Amino acid sequence: MSIPQSGGGPITHQDQLAQFLEDGCKPRDAWKIGTEHEKFGYCQDTLNPLPYEGPRSILAMLEGLRDRFNWTEVREAGNLIGLERDGANISLEPGGQFELSGAPLDSIHQTCDEVNEHLREVKDVADGIGARFIGLGAAPEWTHDQMPVMPKGRYKLMTDYMDKVGTHGKQMMYRTCTVQVNLDFADEADMVQKFRVALALQPVATALFANSPFFEGKPNGHKSWRSRIWRDLDPARTGMLPFVFEDGMGFERYVQYALDVPMYFVYRDGEYIDALGQSFRDFMQGKLPALPGETPTLSDWADHLTTIFPEARIKQYMEMRGADGGPWRRLCALPAFWVGLMYDKGSLDAAWDLVKNLNADTREGLRVAASVKGLQGEAGGVKLLDLAREAVKIAEAGLKARARAGNAGLVPDETHFLNALQESVEEGRSPACELLAKYDGEWNGDLSRIYAEYSY
């Protein structure tokens with residue numbers, strides 16, 4: 001989850017809120033790719049999650065990366081809670097999930113180099129303390145009580161609030177992992193088209209990356225339990241945002257939506273002030289109960305935008321949020337999929353043509369179907385496998401059109417990063433299908449074998 005924002009002067013007029021989003025617009029030649037991925041750490045001998053402190057711990061991982069690989073500390077209330085280096089940062093999800101938020105890069109080749117370097121560094125430190133890391137959409141065996149709690153004020157507030165607004169919020173916080181990509185837009189019209197494509201095809205991404213069929217030690221009846229969790233987290237801040245497809249969609253319309261999402265906190269002087277359930281509209285008028293008489297800054301607005309969790313969202317860039325965490329190949333395939341769809345105008349238009357006739361009920365139905373059945377799901381007469389097949393073809397065409405070479409020019413474009421997705425489409429199987437087949441077959445119901453076979 002996002003770190004606190006800084007900078008930005010006082011908000012004196014509501015127009016500044018939309019302007020903040022619009023300030024993210026960039027010309028095409030300045031578009032970047034920012035990939036984020038999370039993973040679970042565990043003790044190699046006990047298979048229990050890493051605690052925050054101790055000789056085998058999240059803290060030991062952070063200190064090892066700091067000391068061996070020249071990362072700079074990020075601290076909160078004296079606790080080491082993250083690292084920064086060269087535009088990238090390592091942060092902690094509530095249950096100790098280790099997240100790399102990559103630097104803004106020009107190509108998928110660079111993204112994969114970054115992923116490789118990060119996982120190599122993580123493995124080097126983890127090997128020294130008897131820890132390992134695994135990429136899955138949800139913790140396969142651990143219960144809530146087994147999960148550590150990271151020393152971050154934001155997470156304490158959120159934990160206390162989750163049971164008041166949904167049934168699965170704490171599962172999301174402590175026992176799920178994702179991979180996502182952050183992309184740029186040129187102007188408001190480009191943002192709107194990309195946002196609509198992002199939301200409409202997010203169920204396809206969920207199905208292609210569905211990788212969480214186990215929870216608390218047994219099959220859970222879903223290909224993506226992570227996606228299932230998000231459907232009962234907090235309806236005020238999650239979902240498929242039907243208004244994005246309506247006439248009049250733009251930065252201001254998103255602002256009005258965001259203003260109606262209840263607040264979590266205000267960050268002041270290194271501390272998170274409880275504003276749970278309070279209104280940013282009231283804050284604008286100096287009537288926030290948590291800070292009576294005080295009005296927000298643009299950094300408060302930026303913070304508030306990080307507490308909104310739809311399937312795709314905008315800040316000063318756009319985030320694709322529907323995929324489970326997974327193995328190395330899919331850490332590179334996720335940005336390749338969305339860059340292929342979004343960063344070539346011909347492919348973006350083709351992607352919109354693919355989904356523009358889907359109505360809100362079908363889009364929501366596909367979201368549900370993706371979590372339950374993965375690529376075998378369907379809704380409103382639309383099969384996710386058919387949609388995925390076409391979307392992957394469009395993404396491949398977009399990457400060919402980009403023609404970003406790698407390996408000193410020996411690789412002509414980025415299309416090979418889609419190989420894992422093309423295999424899934426050809427087989428009609430989500431990654432979860434392979435996990436379930438092994439569980440029912442060679443593992444003979446012994447889920448502990450997942451760690452040795454699927455860790456990085």
# chains A, B, ... in the order shown; residues from 1 in each chain; ligands from 1
$ select_by_dssp --residues "range 21-243 of chain A" --states "strand (DSSP E or B)" --output "PyMOL selection string"
chain A and resi 33-43+49+72-76+79-85+88-92+98-101+105+131-134+138+176+178-183+212+214-215+218-219+224+238-239
$ residues_around --residues "range 384-387 of chain A" --least-positions-apart "2" --cutoff "8 Å" --atoms "only C-alpha atoms" --output "list in words"
Pro203, Val204, Ala207, Leu354, Leu366, Ala370, Gly374, Leu375, Gln376, Gly377, Glu378, Val382, Arg389, Glu390, Ala391, Val425 and Gly428 of chain A
$ atom_distance --atom1 "CA of Gln202 in chain A" --atom2 "CA of Trp301 in chain A"
25.7 Å
$ closest_residue --among "A:Ala312, A:Ile273, A:Ile33, A:Leu62" --to "Pro242 in chain A" --atoms "only C-alpha atoms"
A:Ala312
$ residues_around --residues "Pro104 in chain A" --least-positions-apart "3" --cutoff "10 Å" --atoms "only C-alpha atoms" --output "VMD selection string"
chain A and resid 31 to 35 86 to 88 101 107 110 to 111 182 to 183
$ residues_around --residues "Trp71 in chain A" --least-positions-apart "5" --cutoff "8 Å" --atoms "only C-alpha atoms" --output "MDAnalysis selection string"
chainID A and resid 65:66 83:85
$ closest_residue --among "A:Arg120, A:Lys152, A:Lys164, A:Lys356" --to "Leu80 in chain A" --atoms "only C-alpha atoms"
A:Lys152
$ select_by_dssp --residues "range 318-428 of chain A" --states "helix (DSSP H, G or I)" --output "JSON, numbers by chain"
{"A": [328, 329, 330, 331, 332, 333, 334, 335, 336, 337, 338, 339, 340, 341, 342, 345, 346, 347, 348, 349, 350, 351, 352, 353, 354, 355, 360, 361, 362, 363, 364, 365, 366, 367, 368, 369, 370, 371, 372, 373, 374, 375, 376, 384, 385, 386, 387, 388, 389, 390, 391, 392, 393, 394, 395, 396, 397, 398, 399, 400, 401, 402, 415, 416, 417, 418, 419, 420, 421, 422, 423, 424, 425, 426, 427]}
$ closest_residue --among "A:Thr297, A:Thr178, A:Asn116, A:Gln146" --to "Thr12 in chain A" --atoms "only C-alpha atoms"
A:Thr297
$ residues_around --residues "range 128-138 of chain A" --least-positions-apart "4" --cutoff "6 Å" --atoms "only C-alpha atoms" --output "MDAnalysis selection string"
chainID A and resid 39:44 56 175:177 211:212 226 324:327 455:456
$ write_last_selection --atoms "C-alpha atoms" --output "tab-separated table (two decimals), in the first residue's frame"
chain	number	residue	atom	x	y	z
A	39	LYS	CA	5.20	-11.81	-2.09
A	40	PHE	CA	4.90	-13.77	1.14
A	41	GLY	CA	7.97	-14.43	3.27
A	42	TYR	CA	8.22	-17.50	5.48
A	43	CYS	CA	10.68	-19.45	7.64
A	44	GLN	CA	12.16	-22.24	5.55
A	56	ARG	CA	14.58	-14.57	10.78
A	175	ARG	CA	-3.20	-12.62	3.53
A	176	THR	CA	-3.24	-11.52	-0.12
A	177	CYS	CA	-0.63	-10.49	-2.69
A	211	ASN	CA	-3.48	-18.02	-8.57
A	212	SER	CA	-5.17	-18.39	-5.17
A	226	ARG	CA	-8.00	-12.80	-3.65
A	324	ASP	CA	-3.06	-12.19	-8.22
A	325	GLY	CA	0.58	-12.29	-7.29
A	326	GLY	CA	2.41	-15.14	-8.93
A	327	PRO	CA	5.58	-16.67	-10.39
A	455	SER	CA	8.92	-20.25	-4.10
A	456	TYR	CA	11.24	-17.83	-5.85
$ closest_residue --among "A:Gly277, A:Asp124, A:Phe215, A:Asp160" --to "His144 in chain A" --atoms "only C-alpha atoms"
A:Phe215
